[in-house]
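See below for entry12.cif, which holds mmCIF, C-alpha atoms.
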```
data_target
loop_
_atom_site.label_atom_id
_atom_site.label_comp_id
_atom_site.auth_asym_id
_atom_site.auth_seq_id
_atom_site.Cartn_x
_atom_site.Cartn_y
_atom_site.Cartn_z
CA MET A 292 124.88 -5.58 57.97
CA THR A 293 124.04 -5.85 54.28
CA LEU A 294 122.88 -3.15 51.89
CA SER A 295 121.48 -5.48 49.23
CA ALA A 296 118.83 -8.16 49.51
CA LEU A 297 120.80 -10.21 47.00
CA ASP A 298 123.84 -10.38 49.28
CA SER A 299 121.86 -10.81 52.47
CA ALA A 300 122.25 -14.10 54.33
CA LEU A 301 118.58 -13.72 55.30
CA LEU A 302 117.05 -12.69 51.96
CA GLY A 303 119.64 -13.62 49.37
CA PRO A 304 118.67 -17.28 48.94
CA LEU A 305 115.15 -16.17 48.00
CA PHE A 306 116.16 -13.75 45.29
CA ALA A 307 119.40 -15.07 43.71
CA THR A 308 121.09 -18.40 43.12
CA ASP A 309 124.34 -19.49 44.71
CA ALA A 310 125.75 -20.18 41.25
CA MET A 311 125.18 -16.61 40.07
CA ARG A 312 126.50 -15.15 43.32
CA ALA A 313 129.66 -17.22 42.82
CA VAL A 314 130.11 -15.78 39.32
CA PHE A 315 130.09 -12.23 40.67
CA ALA A 316 131.83 -12.91 43.98
CA ASP A 317 134.90 -10.84 44.85
CA GLU A 318 137.09 -13.92 44.53
CA ALA A 319 135.79 -14.52 41.00
CA ARG A 320 136.51 -10.92 40.03
CA VAL A 321 140.07 -11.11 41.32
CA ALA A 322 140.59 -14.41 39.46
CA ALA A 323 139.21 -12.87 36.28
CA MET A 324 141.57 -9.89 36.58
CA LEU A 325 144.49 -12.29 36.97
CA ARG A 326 143.37 -14.16 33.84
CA ALA A 327 143.18 -10.88 31.93
CA GLU A 328 146.67 -9.81 33.03
CA ALA A 329 148.13 -13.22 32.16
CA ALA A 330 146.52 -13.17 28.71
CA LEU A 331 147.83 -9.66 28.08
CA ALA A 332 151.35 -10.67 29.12
CA ARG A 333 151.19 -13.70 26.81
CA ALA A 334 150.13 -11.55 23.85
CA GLN A 335 152.80 -8.98 24.60
CA ALA A 336 155.46 -11.68 24.90
CA GLU A 337 154.48 -13.04 21.48
CA ALA A 338 155.04 -9.52 20.15
CA GLY A 339 158.45 -9.32 21.84
CA LEU A 340 157.41 -6.60 24.25
CA VAL A 341 157.76 -8.39 27.61
CA PRO A 342 159.68 -11.44 28.85
CA ALA A 343 158.20 -14.82 27.99
CA GLY A 344 158.22 -15.80 31.64
CA LEU A 345 155.84 -13.04 32.71
CA SER A 346 152.59 -14.78 31.80
CA PRO A 347 153.46 -18.04 33.59
CA ALA A 348 154.57 -16.02 36.62
CA ILE A 349 151.20 -14.24 36.72
CA GLU A 350 149.37 -17.53 36.37
CA ALA A 351 151.37 -18.84 39.33
CA VAL A 352 149.93 -16.11 41.55
CA SER A 353 147.02 -17.66 43.40
CA SER A 354 143.87 -15.55 43.46
CA THR A 355 143.25 -16.84 46.97
CA ALA A 356 146.43 -15.08 48.07
CA LEU A 357 144.92 -11.73 47.07
CA ASP A 358 142.59 -10.88 49.91
CA PRO A 359 139.51 -9.01 48.59
CA ALA A 360 138.99 -7.32 51.94
CA ALA A 361 142.52 -5.94 51.94
CA LEU A 362 142.18 -4.86 48.32
CA GLY A 363 138.86 -3.25 49.18
CA ARG A 364 140.35 -1.10 51.91
CA ARG A 365 142.87 0.24 49.43
CA THR A 366 140.17 0.60 46.75
CA ALA A 367 138.43 3.07 49.04
CA VAL A 368 141.50 5.27 48.63
CA SER A 369 142.40 4.61 44.98
CA GLY A 370 138.85 4.69 43.57
CA VAL A 371 139.17 1.51 41.49
CA PRO A 372 140.05 -2.03 42.59
CA VAL A 373 142.57 -2.58 39.79
CA ILE A 374 145.11 -0.19 41.29
CA PRO A 375 145.62 -2.08 44.57
CA PHE A 376 145.27 -5.34 42.64
CA VAL A 377 148.16 -4.37 40.33
CA LYS A 378 150.33 -3.43 43.29
CA ALA A 379 149.54 -6.71 45.05
CA VAL A 380 150.41 -8.79 41.99
CA GLN A 381 153.59 -6.81 41.39
CA GLY A 382 154.63 -7.67 44.93
CA ALA A 383 154.11 -11.37 44.21
CA LEU A 384 156.14 -11.41 40.97
CA PRO A 385 159.90 -12.02 40.67
CA PRO A 386 161.67 -8.62 40.81
CA GLU A 387 163.01 -8.94 37.27
CA LEU A 388 159.47 -9.37 35.85
CA GLU A 389 157.68 -6.76 37.92
CA PRO A 390 158.54 -3.76 35.63
CA ALA A 391 156.91 -5.45 32.60
CA PHE A 392 153.64 -6.22 34.39
CA HIS A 393 150.52 -4.25 33.33
CA LYS A 394 152.48 -2.72 30.44
CA ALA A 395 150.71 -0.11 28.25
CA THR A 396 147.27 -0.99 29.60
CA THR A 397 144.98 0.81 32.04
CA THR A 398 142.72 -0.04 34.94
CA GLN A 399 139.54 0.04 32.85
CA ASP A 400 140.95 -2.49 30.39
CA ILE A 401 141.50 -5.03 33.14
CA ALA A 402 138.27 -4.25 35.00
CA ASP A 403 136.08 -4.38 31.89
CA THR A 404 137.74 -7.50 30.49
CA ALA A 405 137.36 -9.25 33.85
CA LEU A 406 133.71 -8.22 33.91
CA VAL A 407 133.20 -9.67 30.44
CA LEU A 408 134.66 -12.98 31.59
CA GLN A 409 132.19 -13.00 34.47
CA VAL A 410 129.33 -12.04 32.14
CA ARG A 411 130.22 -14.97 29.87
CA ASP A 412 129.89 -17.39 32.78
CA ALA A 413 126.65 -15.72 33.85
CA LEU A 414 125.14 -15.96 30.37
CA ASP A 415 126.02 -19.66 30.28
CA LEU A 416 124.02 -20.16 33.49
CA ILE A 417 121.09 -18.25 32.01
CA ALA A 418 121.16 -20.27 28.79
CA ALA A 419 120.90 -23.52 30.77
CA ASP A 420 117.87 -22.21 32.67
CA LEU A 421 116.23 -20.95 29.50
CA ARG A 422 116.60 -24.34 27.86
CA ALA A 423 114.91 -26.04 30.81
CA ILE A 424 112.14 -23.45 31.01
CA LEU A 425 111.28 -23.66 27.33
CA ASP A 426 111.41 -27.44 27.37
CA GLY A 427 109.08 -27.50 30.37
CA LEU A 428 106.56 -25.06 28.95
CA SER A 429 106.63 -26.77 25.56
CA ALA A 430 105.83 -30.08 27.23
CA GLN A 431 102.91 -28.45 29.08
CA ALA A 432 101.64 -26.95 25.84
CA ARG A 433 101.79 -30.23 23.97
CA GLN A 434 100.13 -32.14 26.79
CA HIS A 435 97.28 -29.64 27.09
CA ARG A 436 96.95 -28.47 23.49
CA GLU A 437 93.31 -29.60 23.53
CA THR A 438 92.47 -28.88 27.18
CA PRO A 439 89.77 -26.19 27.03
CA CYS A 440 89.91 -23.26 29.41
CA VAL A 441 88.69 -19.70 29.72
CA GLY A 442 90.34 -16.99 27.66
CA ARG A 443 90.36 -13.68 29.54
CA THR A 444 90.61 -10.08 28.39
CA TYR A 445 90.61 -7.16 30.83
CA GLY A 446 90.29 -9.79 33.54
CA GLN A 447 86.89 -10.89 32.20
CA HIS A 448 85.83 -14.16 30.62
CA ALA A 449 86.14 -13.58 26.89
CA ALA A 450 86.08 -16.75 24.75
CA PRO A 451 87.32 -20.32 25.09
CA VAL A 452 90.97 -21.15 24.42
CA THR A 453 93.09 -24.13 25.45
CA PHE A 454 95.58 -24.35 28.27
CA GLY A 455 98.13 -25.58 25.75
CA PHE A 456 97.62 -22.33 23.85
CA LYS A 457 98.32 -20.33 27.02
CA ALA A 458 101.47 -22.32 27.81
CA ALA A 459 102.69 -21.96 24.23
CA ILE A 460 102.23 -18.19 24.40
CA TRP A 461 104.26 -18.09 27.62
CA ALA A 462 106.99 -20.11 25.94
CA LEU A 463 107.00 -18.00 22.80
CA GLY A 464 107.32 -14.75 24.73
CA ILE A 465 110.34 -16.10 26.58
CA ALA A 466 111.84 -17.61 23.42
CA GLU A 467 111.60 -14.29 21.58
CA VAL A 468 113.81 -12.69 24.22
CA ALA A 469 116.09 -15.71 24.41
CA ALA A 470 116.67 -15.49 20.66
CA LEU A 471 118.47 -12.18 21.18
CA LEU A 472 121.15 -13.87 23.29
CA PRO A 473 123.56 -15.00 20.53
CA SER A 474 123.85 -11.52 19.04
CA LEU A 475 124.19 -10.03 22.52
CA ARG A 476 127.04 -12.39 23.28
CA ASP A 477 128.77 -11.37 20.05
CA ARG A 478 128.76 -7.74 21.17
CA VAL A 479 129.40 -7.95 24.88
CA LEU A 480 132.00 -10.73 24.93
CA THR A 481 134.69 -8.39 23.66
CA ALA A 482 138.04 -7.78 25.32
CA SER A 483 138.85 -4.27 26.42
CA LEU A 484 142.30 -3.01 25.52
CA GLY A 485 142.78 0.67 24.84
CA GLY A 486 145.40 1.89 27.24
CA PRO A 487 145.12 5.15 29.17
CA VAL A 488 142.98 7.05 26.64
CA GLY A 489 142.09 4.32 24.14
CA THR A 490 144.83 4.72 21.55
CA LEU A 491 147.25 2.03 22.82
CA ALA A 492 150.07 4.44 22.07
CA GLY A 493 152.36 2.51 24.43
CA LEU A 494 152.27 -0.52 22.12
CA GLY A 495 153.09 1.40 18.95
CA GLU A 496 152.76 -0.56 15.72
CA LYS A 497 152.22 -3.80 17.59
CA ALA A 498 148.99 -2.64 19.19
CA GLU A 499 146.69 -4.54 16.84
CA ALA A 500 148.65 -7.79 17.14
CA VAL A 501 148.68 -7.56 20.92
CA GLY A 502 144.97 -6.76 21.00
CA ASP A 503 144.15 -9.75 18.82
CA GLY A 504 146.36 -12.07 20.85
CA PHE A 505 144.93 -10.78 24.13
CA ALA A 506 141.37 -11.48 23.03
CA ALA A 507 142.22 -14.87 21.53
CA ALA A 508 143.90 -16.01 24.74
CA LEU A 509 140.67 -15.33 26.62
CA GLY A 510 138.29 -16.65 23.96
CA LEU A 511 136.84 -13.18 23.42
CA HIS A 512 136.33 -10.95 20.41
CA PRO A 513 139.12 -8.39 19.84
CA ASP A 514 138.54 -4.75 20.69
CA LEU A 515 138.67 -3.16 17.22
CA ALA A 516 138.27 0.28 18.81
CA PRO A 517 138.21 1.07 22.53
CA TRP A 518 134.84 0.70 24.22
CA HIS A 519 135.85 2.54 27.38
CA THR A 520 133.09 5.06 26.74
CA ARG A 521 131.04 3.13 24.17
CA ARG A 522 128.79 1.52 26.76
CA ALA A 523 125.93 0.38 24.51
CA ARG A 524 126.93 -3.25 24.93
CA ILE A 525 126.70 -2.97 28.72
CA ALA A 526 123.40 -1.09 28.55
CA GLU A 527 122.11 -3.67 26.07
CA THR A 528 123.04 -6.48 28.44
CA GLY A 529 121.11 -4.84 31.25
CA SER A 530 118.15 -4.09 29.01
CA TRP A 531 118.12 -7.68 27.75
CA LEU A 532 118.08 -8.96 31.32
CA ALA A 533 115.16 -6.65 32.10
CA LEU A 534 113.34 -7.86 28.98
CA LEU A 535 113.96 -11.45 29.99
CA MET A 536 112.55 -10.84 33.45
CA GLY A 537 109.57 -9.12 31.81
CA ALA A 538 108.86 -12.20 29.71
CA LEU A 539 109.09 -14.35 32.82
CA ALA A 540 106.82 -11.88 34.61
CA LYS A 541 104.11 -12.40 31.99
CA PHE A 542 104.21 -16.11 32.83
CA ALA A 543 104.19 -15.39 36.58
CA THR A 544 101.35 -12.86 36.33
CA ASP A 545 99.08 -15.42 34.71
CA VAL A 546 100.08 -18.20 37.11
CA ALA A 547 99.47 -16.00 40.16
CA HIS A 548 95.94 -15.24 38.94
CA LEU A 549 95.15 -18.76 37.81
CA ALA A 550 96.27 -20.03 41.23
CA THR A 551 93.86 -17.81 43.18
CA THR A 552 91.20 -19.53 45.24
CA GLU A 553 88.36 -18.31 43.04
CA VAL A 554 90.02 -19.45 39.81
CA ALA A 555 92.13 -22.44 40.95
CA GLU A 556 92.99 -23.60 37.42
CA VAL A 557 96.65 -24.20 38.25
CA ALA A 558 98.79 -24.69 41.32
CA GLU A 559 102.46 -24.00 41.79
CA PRO A 560 104.51 -27.17 42.44
CA TYR A 561 104.08 -28.34 46.00
CA VAL A 562 107.14 -27.94 48.21
CA PRO A 563 106.74 -28.77 51.91
CA GLY A 564 106.82 -25.60 53.97
CA ARG A 565 106.61 -23.27 50.97
CA GLY A 566 103.87 -20.69 50.51
CA GLY A 567 102.54 -20.81 54.05
CA SER A 568 101.63 -17.96 56.35
CA SER A 569 102.70 -17.26 59.92
CA ALA A 570 99.06 -16.54 60.76
CA MET A 571 97.14 -18.70 58.28
CA PRO A 572 98.37 -22.30 58.10
CA HIS A 573 96.04 -23.16 55.23
CA LYS A 574 97.72 -20.75 52.81
CA ARG A 575 99.62 -21.90 49.72
CA ASN A 576 100.90 -18.61 48.38
CA PRO A 577 102.44 -18.45 44.88
CA VAL A 578 106.02 -17.91 46.03
CA SER A 579 107.66 -18.60 42.66
CA SER A 580 105.44 -16.09 40.89
CA THR A 581 106.12 -13.59 43.66
CA VAL A 582 109.91 -13.88 43.29
CA ILE A 583 109.69 -13.47 39.51
CA LEU A 584 107.44 -10.43 39.74
CA SER A 585 109.62 -8.82 42.40
CA ALA A 586 112.70 -9.33 40.24
CA PHE A 587 111.05 -7.63 37.29
CA GLY A 588 109.86 -4.79 39.51
CA ALA A 589 113.42 -4.12 40.68
CA ALA A 590 115.06 -4.70 37.28
CA LYS A 591 113.38 -1.88 35.39
CA GLY A 592 114.88 0.94 37.41
CA THR A 593 118.23 -0.78 37.76
CA SER A 594 118.64 -1.11 34.00
CA LEU A 595 118.24 2.66 33.62
CA THR A 596 121.54 3.12 35.43
CA LEU A 597 123.28 1.35 32.57
CA LEU A 598 121.48 3.45 29.97
CA ASP A 599 122.65 6.58 31.80
CA GLY A 600 126.20 5.27 31.49
CA MET A 601 126.06 5.76 27.74
CA ALA A 602 126.44 9.51 28.26
CA ALA A 603 130.11 9.00 29.15
CA ALA A 604 132.28 12.09 29.01
CA HIS A 605 135.33 12.13 26.75
CA GLU A 606 137.72 9.17 27.22
CA ARG A 607 136.62 8.14 30.73
CA PRO A 608 133.73 9.50 32.78
CA ALA A 609 133.54 10.35 36.46
CA GLY A 610 130.90 8.21 38.14
CA ALA A 611 129.00 6.69 35.22
CA TRP A 612 131.39 3.75 34.88
CA HIS A 613 131.41 3.17 38.63
CA ALA A 614 127.61 3.16 38.69
CA GLU A 615 127.63 0.13 36.39
CA TRP A 616 129.30 -1.85 39.16
CA HIS A 617 126.14 -1.53 41.22
CA ALA A 618 123.70 -2.25 38.43
CA LEU A 619 124.92 -5.07 36.20
CA PRO A 620 125.68 -7.71 38.87
CA THR A 621 122.36 -6.84 40.52
CA LEU A 622 120.49 -7.49 37.29
CA PHE A 623 122.21 -10.83 36.84
CA GLY A 624 121.40 -11.73 40.43
CA LEU A 625 117.73 -10.83 40.02
CA ALA A 626 117.56 -12.75 36.76
CA SER A 627 119.07 -15.84 38.36
CA GLY A 628 116.36 -16.00 41.01
CA ALA A 629 113.59 -15.33 38.52
CA LEU A 630 114.90 -18.01 36.17
CA ARG A 631 115.22 -20.55 38.95
CA GLU A 632 111.60 -20.00 39.95
CA ALA A 633 110.37 -20.00 36.35
CA ARG A 634 112.22 -23.26 35.76
CA GLY A 635 110.42 -24.83 38.71
CA LEU A 636 107.08 -23.54 37.48
CA ALA A 637 107.61 -24.69 33.90
CA GLN A 638 108.61 -28.17 34.96
CA GLY A 639 106.17 -28.64 37.83
CA LEU A 640 103.08 -26.50 37.27
CA VAL A 641 99.93 -28.47 38.14
CA PRO A 642 96.96 -27.67 35.84
CA ASP A 643 93.43 -28.64 36.94
CA SER A 644 91.51 -29.45 33.77
CA ASP A 645 88.31 -30.23 35.69
CA ARG A 646 88.33 -26.80 37.29
CA MET A 647 89.02 -25.24 33.91
CA ARG A 648 85.92 -26.93 32.56
CA ARG A 649 83.80 -25.79 35.49
CA ASN A 650 85.01 -22.23 34.99
CA LEU A 651 84.02 -22.43 31.34
CA ASP A 652 80.45 -23.06 32.48
CA LEU A 653 80.54 -20.34 35.11
CA THR A 654 78.99 -17.64 32.90
CA ARG A 655 76.33 -19.98 31.46
CA GLY A 656 77.32 -19.72 27.84
CA LEU A 657 78.41 -16.07 27.67
CA LEU A 658 81.83 -17.23 26.44
CA PHE A 659 80.11 -18.20 23.19
CA ALA A 660 78.50 -14.80 22.61
CA ASP A 661 80.74 -13.95 19.66
CA ALA A 662 80.09 -17.32 18.00
CA ALA A 663 76.33 -16.89 18.55
CA ALA A 664 76.37 -13.44 16.95
CA SER A 665 78.21 -14.92 13.96
CA ARG A 666 75.52 -17.56 13.50
CA LEU A 667 72.75 -14.93 13.70
CA SER A 668 74.40 -12.45 11.35
CA PRO A 669 73.43 -14.14 8.04
CA THR A 670 69.70 -13.65 8.78
CA LEU A 671 69.70 -10.57 11.04
CA GLY A 672 72.72 -8.64 9.83
CA ALA A 673 75.82 -8.06 11.96
CA LYS A 674 74.51 -5.00 13.83
CA ALA A 675 71.16 -6.53 14.76
CA ALA A 676 72.77 -9.84 15.69
CA HIS A 677 75.24 -8.10 18.00
CA ALA A 678 72.42 -6.13 19.64
CA LEU A 679 70.32 -9.24 20.16
CA VAL A 680 73.19 -11.19 21.76
CA GLU A 681 74.08 -8.21 23.95
CA GLU A 682 70.49 -8.00 25.16
CA ALA A 683 70.39 -11.75 25.75
CA ALA A 684 73.63 -11.54 27.74
CA GLY A 685 71.97 -9.09 30.08
CA ALA A 686 69.16 -11.57 30.63
CA VAL A 687 71.71 -14.29 31.44
CA ARG A 688 73.37 -12.06 34.02
CA ASP A 689 69.92 -11.42 35.50
CA GLY A 690 69.54 -15.15 36.04
CA ARG A 691 66.96 -15.89 33.31
CA GLY A 692 68.78 -18.94 31.91
CA SER A 693 71.81 -19.76 29.80
CA LEU A 694 72.68 -17.75 26.71
CA GLU A 695 71.54 -20.58 24.45
CA GLU A 696 68.21 -20.86 26.29
CA VAL A 697 67.56 -17.11 26.17
CA LEU A 698 68.41 -16.88 22.47
CA ARG A 699 66.29 -19.88 21.52
CA ALA A 700 63.33 -18.18 23.21
CA ARG A 701 63.66 -15.17 20.89
CA PRO A 702 61.71 -15.39 17.64
CA GLU A 703 64.42 -13.49 15.77
CA ALA A 704 66.75 -16.45 16.32
CA ALA A 705 64.46 -18.97 14.70
CA GLY A 706 66.27 -20.97 12.05
CA ALA A 707 69.76 -19.96 13.14
CA ASP A 708 72.33 -22.72 13.73
CA LEU A 709 72.73 -21.96 17.43
CA ALA A 710 73.82 -25.48 18.37
CA SER A 711 77.12 -25.10 16.58
CA ALA A 712 77.70 -21.75 18.26
CA PHE A 713 77.91 -23.44 21.66
CA ASP A 714 80.19 -26.25 20.53
CA LEU A 715 83.67 -26.14 22.16
CA GLY A 716 85.18 -28.06 19.27
CA PRO A 717 86.12 -25.09 17.04
CA ALA A 718 87.73 -23.22 19.94
CA ILE A 719 89.70 -26.29 20.97
CA ARG A 720 90.92 -26.92 17.45
CA ALA A 721 91.86 -23.26 16.99
CA GLY A 722 93.73 -23.20 20.30
CA ALA A 723 95.57 -26.41 19.43
CA ARG A 724 96.54 -25.14 15.97
CA THR A 725 97.84 -21.89 17.39
CA ALA A 726 99.75 -23.75 20.09
CA ASP A 727 101.38 -25.94 17.45
CA ARG A 728 102.44 -22.92 15.40
CA ALA A 729 103.78 -21.16 18.48
CA LEU A 730 105.74 -24.22 19.57
CA ALA A 731 107.27 -24.57 16.12
CA GLU A 732 108.48 -20.98 16.42
CA VAL A 733 109.79 -21.64 19.93
CA SER A 734 111.82 -24.55 18.55
CA ARG A 735 113.21 -22.36 15.78
CA LEU A 736 114.07 -19.43 18.01
CA ALA A 737 115.62 -21.54 20.76
CA ALA A 738 117.47 -24.06 18.60
CA PHE A 739 120.79 -22.49 19.59
CA LEU A 740 120.18 -23.44 23.23
CA HIS A 741 120.34 -27.12 22.26
CA SER A 742 123.27 -26.85 19.84
CA ALA A 743 126.00 -26.35 22.42
#
```
Conversion result in structure tokens:
Amino acid sequence: MTLSALDSALLGPLFATDAMRAVFADEARVAAMLRAEAALARAQAEAGLVPAGLSPAIEAVSSTALDPAALGRRTAVSGVPVIPFVKAVQGALPPELEPAFHKATTTQDIADTALVLQVRDALDLIAADLRAILDGLSAQARQHRETPCVGRTYGQHAAPVTFGFKAAIWALGIAEVAALLPSLRDRVLTASLGGPVGTLAGLGEKAEAVGDGFAAALGLHPDLAPWHTRRARIAETGSWLALLMGALAKFATDVAHLATTEVAEVAEPYVPGRGGSSAMPHKRNPVSSTVILSAFGAAKGTSLTLLDGMAAAHERPAGAWHAEWHALPTLFGLASGALREARGLAQGLVPDSDRMRRNLDLTRGLLFADAAASRLSPTLGAKAAHALVEEAAGAVRDGRGSLEEVLRARPEAAGADLASAFDLGPAIRAGARTADRALAEVSRLAAFLHSA
């Protein structure tokens, strides 16, 4: 039995990637705790506090020899996995080194530092997906910068835009969230070393040197002051993941609507067997959009758990820290599935420019109502021009011709330059210009993704 869709053999492959599950697997956590303990022993040896052979001895302990299931049974008694982990490693060390192991540190130091190592790997996976998504959407935007399509507000046809404009807006929304990643990494990729209550009293005057060496050995930032109960960086990570899934959900929301039978302006990439129905073999459901939207739906509430953890009592809370163990890996898992699907959409979305053009004609010129009112305003005044176009729009909806035909039949419109009002050219050029500006900003915001 499984209690999470992400870990389910039946549902897990739909909602999370194997790569992200591997990052947060029990075996990966145990290996990360071993790395943290070895780095700490190395830093302490450099300060003359433990034997030089301790770190190599820890590194010689194979993480595969530490059975997560056995550790888990003892965790149910101890309350944290580090306690049985420490005992298991002590049992694997030479007797003369065992007393120096885990010196002056505490369970939260090892657990949090191990988590940070996992988060670093997870963020690397996300960065790779973001690069591919933004590259794919940027290519779509450039290719279709002058492909006219309907612009919609409140679900209604509003005015013409270009499909390249829409794709550029999707890319820019994602890039704006992606741009927060470097500063997030600076804050969250910090080693945790505070000892039992955060003062590192057991290391005396050598505490700072050990802390710096510990962090350097792991490629992390040093812990200038204990973050045992300063959980903003963890809450920020969860909030950033939720924001990221929200930006992907904007993309998915539009694709799901544009792929409906009545609209049919895009199609998700075709994959044999995907999107069908057990009862309706003709269906081609938007599975990628569905996965993205479901991830965002689950992420919002999950991220609140991490925000609640900021109200941590004194030097270590009861429950709030443990609650993070449920929430943060879940958010990374949800993000991995959403990113995978968004990557496929960005790289393989199939626009139908002919259908876009037919949909532009669907309302018989009503999309140009604003432009028509602008052309009438110099002779009628803005208020009268708006009223005339609004009245003419009603006639169009009643089936009495196109908007241009109805307006030309009105004497008030005599002499107005109505022909230019119904020209797609200005809308296409405006959409293309805006797409170009948006893509330039995407390139600026996401430059760091290509610099590694």
query: A:Val501: which residues within 9 Å, counting all atoms listed in the file, same-chain residues fewer than 2 positions away excluded, as number ranges by chain?
result: A: 331, 333-338, 494, 497-499, 503-506
query: Evaluating the PyMOL selection byres ((chain A and resi 411) around 12) on the displayed file yields which residues, as JSON, numbers by chain?
result: {"A": [311, 314, 315, 323, 404, 405, 406, 407, 408, 409, 410, 412, 413, 414, 415, 416, 417, 418, 472, 473, 475, 476, 477, 478, 479, 480, 481, 482, 509, 510, 511, 512, 528, 623]}
Restrict the selected residues to C-alpha atoms and save them as an mmCIF file, keeping the file's coordinate frame.
```
data_model
loop_
_atom_site.group_PDB
_atom_site.id
_atom_site.type_symbol
_atom_site.label_atom_id
_atom_site.label_comp_id
_atom_site.auth_asym_id
_atom_site.auth_seq_id
_atom_site.Cartn_x
_atom_site.Cartn_y
_atom_site.Cartn_z
ATOM 1 C CA MET A 311 125.180 -16.610 40.070
ATOM 2 C CA VAL A 314 130.110 -15.780 39.320
ATOM 3 C CA PHE A 315 130.090 -12.230 40.670
ATOM 4 C CA ALA A 323 139.210 -12.870 36.280
ATOM 5 C CA THR A 404 137.740 -7.500 30.490
ATOM 6 C CA ALA A 405 137.360 -9.250 33.850
ATOM 7 C CA LEU A 406 133.710 -8.220 33.910
ATOM 8 C CA VAL A 407 133.200 -9.670 30.440
ATOM 9 C CA LEU A 408 134.660 -12.980 31.590
ATOM 10 C CA GLN A 409 132.190 -13.000 34.470
ATOM 11 C CA VAL A 410 129.330 -12.040 32.140
ATOM 12 C CA ASP A 412 129.890 -17.390 32.780
ATOM 13 C CA ALA A 413 126.650 -15.720 33.850
ATOM 14 C CA LEU A 414 125.140 -15.960 30.370
ATOM 15 C CA ASP A 415 126.020 -19.660 30.280
ATOM 16 C CA LEU A 416 124.020 -20.160 33.490
ATOM 17 C CA ILE A 417 121.090 -18.250 32.010
ATOM 18 C CA ALA A 418 121.160 -20.270 28.790
ATOM 19 C CA LEU A 472 121.150 -13.870 23.290
ATOM 20 C CA PRO A 473 123.560 -15.000 20.530
ATOM 21 C CA LEU A 475 124.190 -10.030 22.520
ATOM 22 C CA ARG A 476 127.040 -12.390 23.280
ATOM 23 C CA ASP A 477 128.770 -11.370 20.050
ATOM 24 C CA ARG A 478 128.760 -7.740 21.170
ATOM 25 C CA VAL A 479 129.400 -7.950 24.880
ATOM 26 C CA LEU A 480 132.000 -10.730 24.930
ATOM 27 C CA THR A 481 134.690 -8.390 23.660
ATOM 28 C CA ALA A 482 138.040 -7.780 25.320
ATOM 29 C CA LEU A 509 140.670 -15.330 26.620
ATOM 30 C CA GLY A 510 138.290 -16.650 23.960
ATOM 31 C CA LEU A 511 136.840 -13.180 23.420
ATOM 32 C CA HIS A 512 136.330 -10.950 20.410
ATOM 33 C CA THR A 528 123.040 -6.480 28.440
ATOM 34 C CA PHE A 623 122.210 -10.830 36.840
#
```
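On the file presented, the PyMOL selection byres ((chain A and resi 645-659) around 6) picks out Cys440, Val441, Ala449, Ala450, Glu556, Asp643, Ser644, Ala660, Asp661, Ala662, Ser693, Leu694 and Phe713 of chain A.
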What would the file look like if the residues just selected were written as an mmCIF file, in the coordinates of the input with C-alpha atoms?
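What follows is the written file part34.cif:
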```
data_model
loop_
_atom_site.group_PDB
_atom_site.id
_atom_site.type_symbol
_atom_site.label_atom_id
_atom_site.label_comp_id
_atom_site.auth_asym_id
_atom_site.auth_seq_id
_atom_site.Cartn_x
_atom_site.Cartn_y
_atom_site.Cartn_z
ATOM 1 C CA CYS A 440 89.910 -23.260 29.410
ATOM 2 C CA VAL A 441 88.690 -19.700 29.720
ATOM 3 C CA ALA A 449 86.140 -13.580 26.890
ATOM 4 C CA ALA A 450 86.080 -16.750 24.750
ATOM 5 C CA GLU A 556 92.990 -23.600 37.420
ATOM 6 C CA ASP A 643 93.430 -28.640 36.940
ATOM 7 C CA SER A 644 91.510 -29.450 33.770
ATOM 8 C CA ALA A 660 78.500 -14.800 22.610
ATOM 9 C CA ASP A 661 80.740 -13.950 19.660
ATOM 10 C CA ALA A 662 80.090 -17.320 18.000
ATOM 11 C CA SER A 693 71.810 -19.760 29.800
ATOM 12 C CA LEU A 694 72.680 -17.750 26.710
ATOM 13 C CA PHE A 713 77.910 -23.440 21.660
#
```
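Taking only C-alpha atoms into account, A:Ser711 lies nearest to A:Arg666 out of the set A:Arg666, A:His617, A:His605, A:Lys378.
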field: Residues selected by the PyMOL selection byres ((chain A and resi 466) around 8), written as a PyMOL selection string
entry: chain A and resi 425+462-465+467-470+733+736-737
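The gap separating atom CA of A:Glu632 from atom CA of A:Val562 is 12.3 Å, in Å to one decimal.
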- line: Taken to one decimal, the atom CA of A:Leu598-atom CA of A:Ile525 distance is 8.4 Å
Please report as a Markdown table every residue of stretch 479-498 of chain A lying within 10 Å of stretch 389-402 of chain A, along with the nearest atom pair and their distance in Å (one decimal), using only C-alpha atoms.
```
| residue | atom | partner | partner_atom | distance |
| --- | --- | --- | --- | --- |
| A:Ala482 | CA | A:Asp400 | CA | 7.9 |
| A:Ser483 | CA | A:Asp400 | CA | 4.8 |
| A:Leu484 | CA | A:Asp400 | CA | 5.1 |
| A:Gly485 | CA | A:Asp400 | CA | 6.6 |
| A:Gly486 | CA | A:Thr396 | CA | 4.2 |
| A:Pro487 | CA | A:Thr397 | CA | 5.2 |
| A:Val488 | CA | A:Thr397 | CA | 8.5 |
| A:Gly489 | CA | A:Thr397 | CA | 9.1 |
| A:Leu491 | CA | A:Ala395 | CA | 6.8 |
| A:Ala492 | CA | A:Ala395 | CA | 7.7 |
| A:Gly493 | CA | A:Ala395 | CA | 4.9 |
| A:Leu494 | CA | A:Ala395 | CA | 6.3 |
| A:Gly495 | CA | A:Ala395 | CA | 9.7 |
| A:Ala498 | CA | A:Ala395 | CA | 9.6 |
```
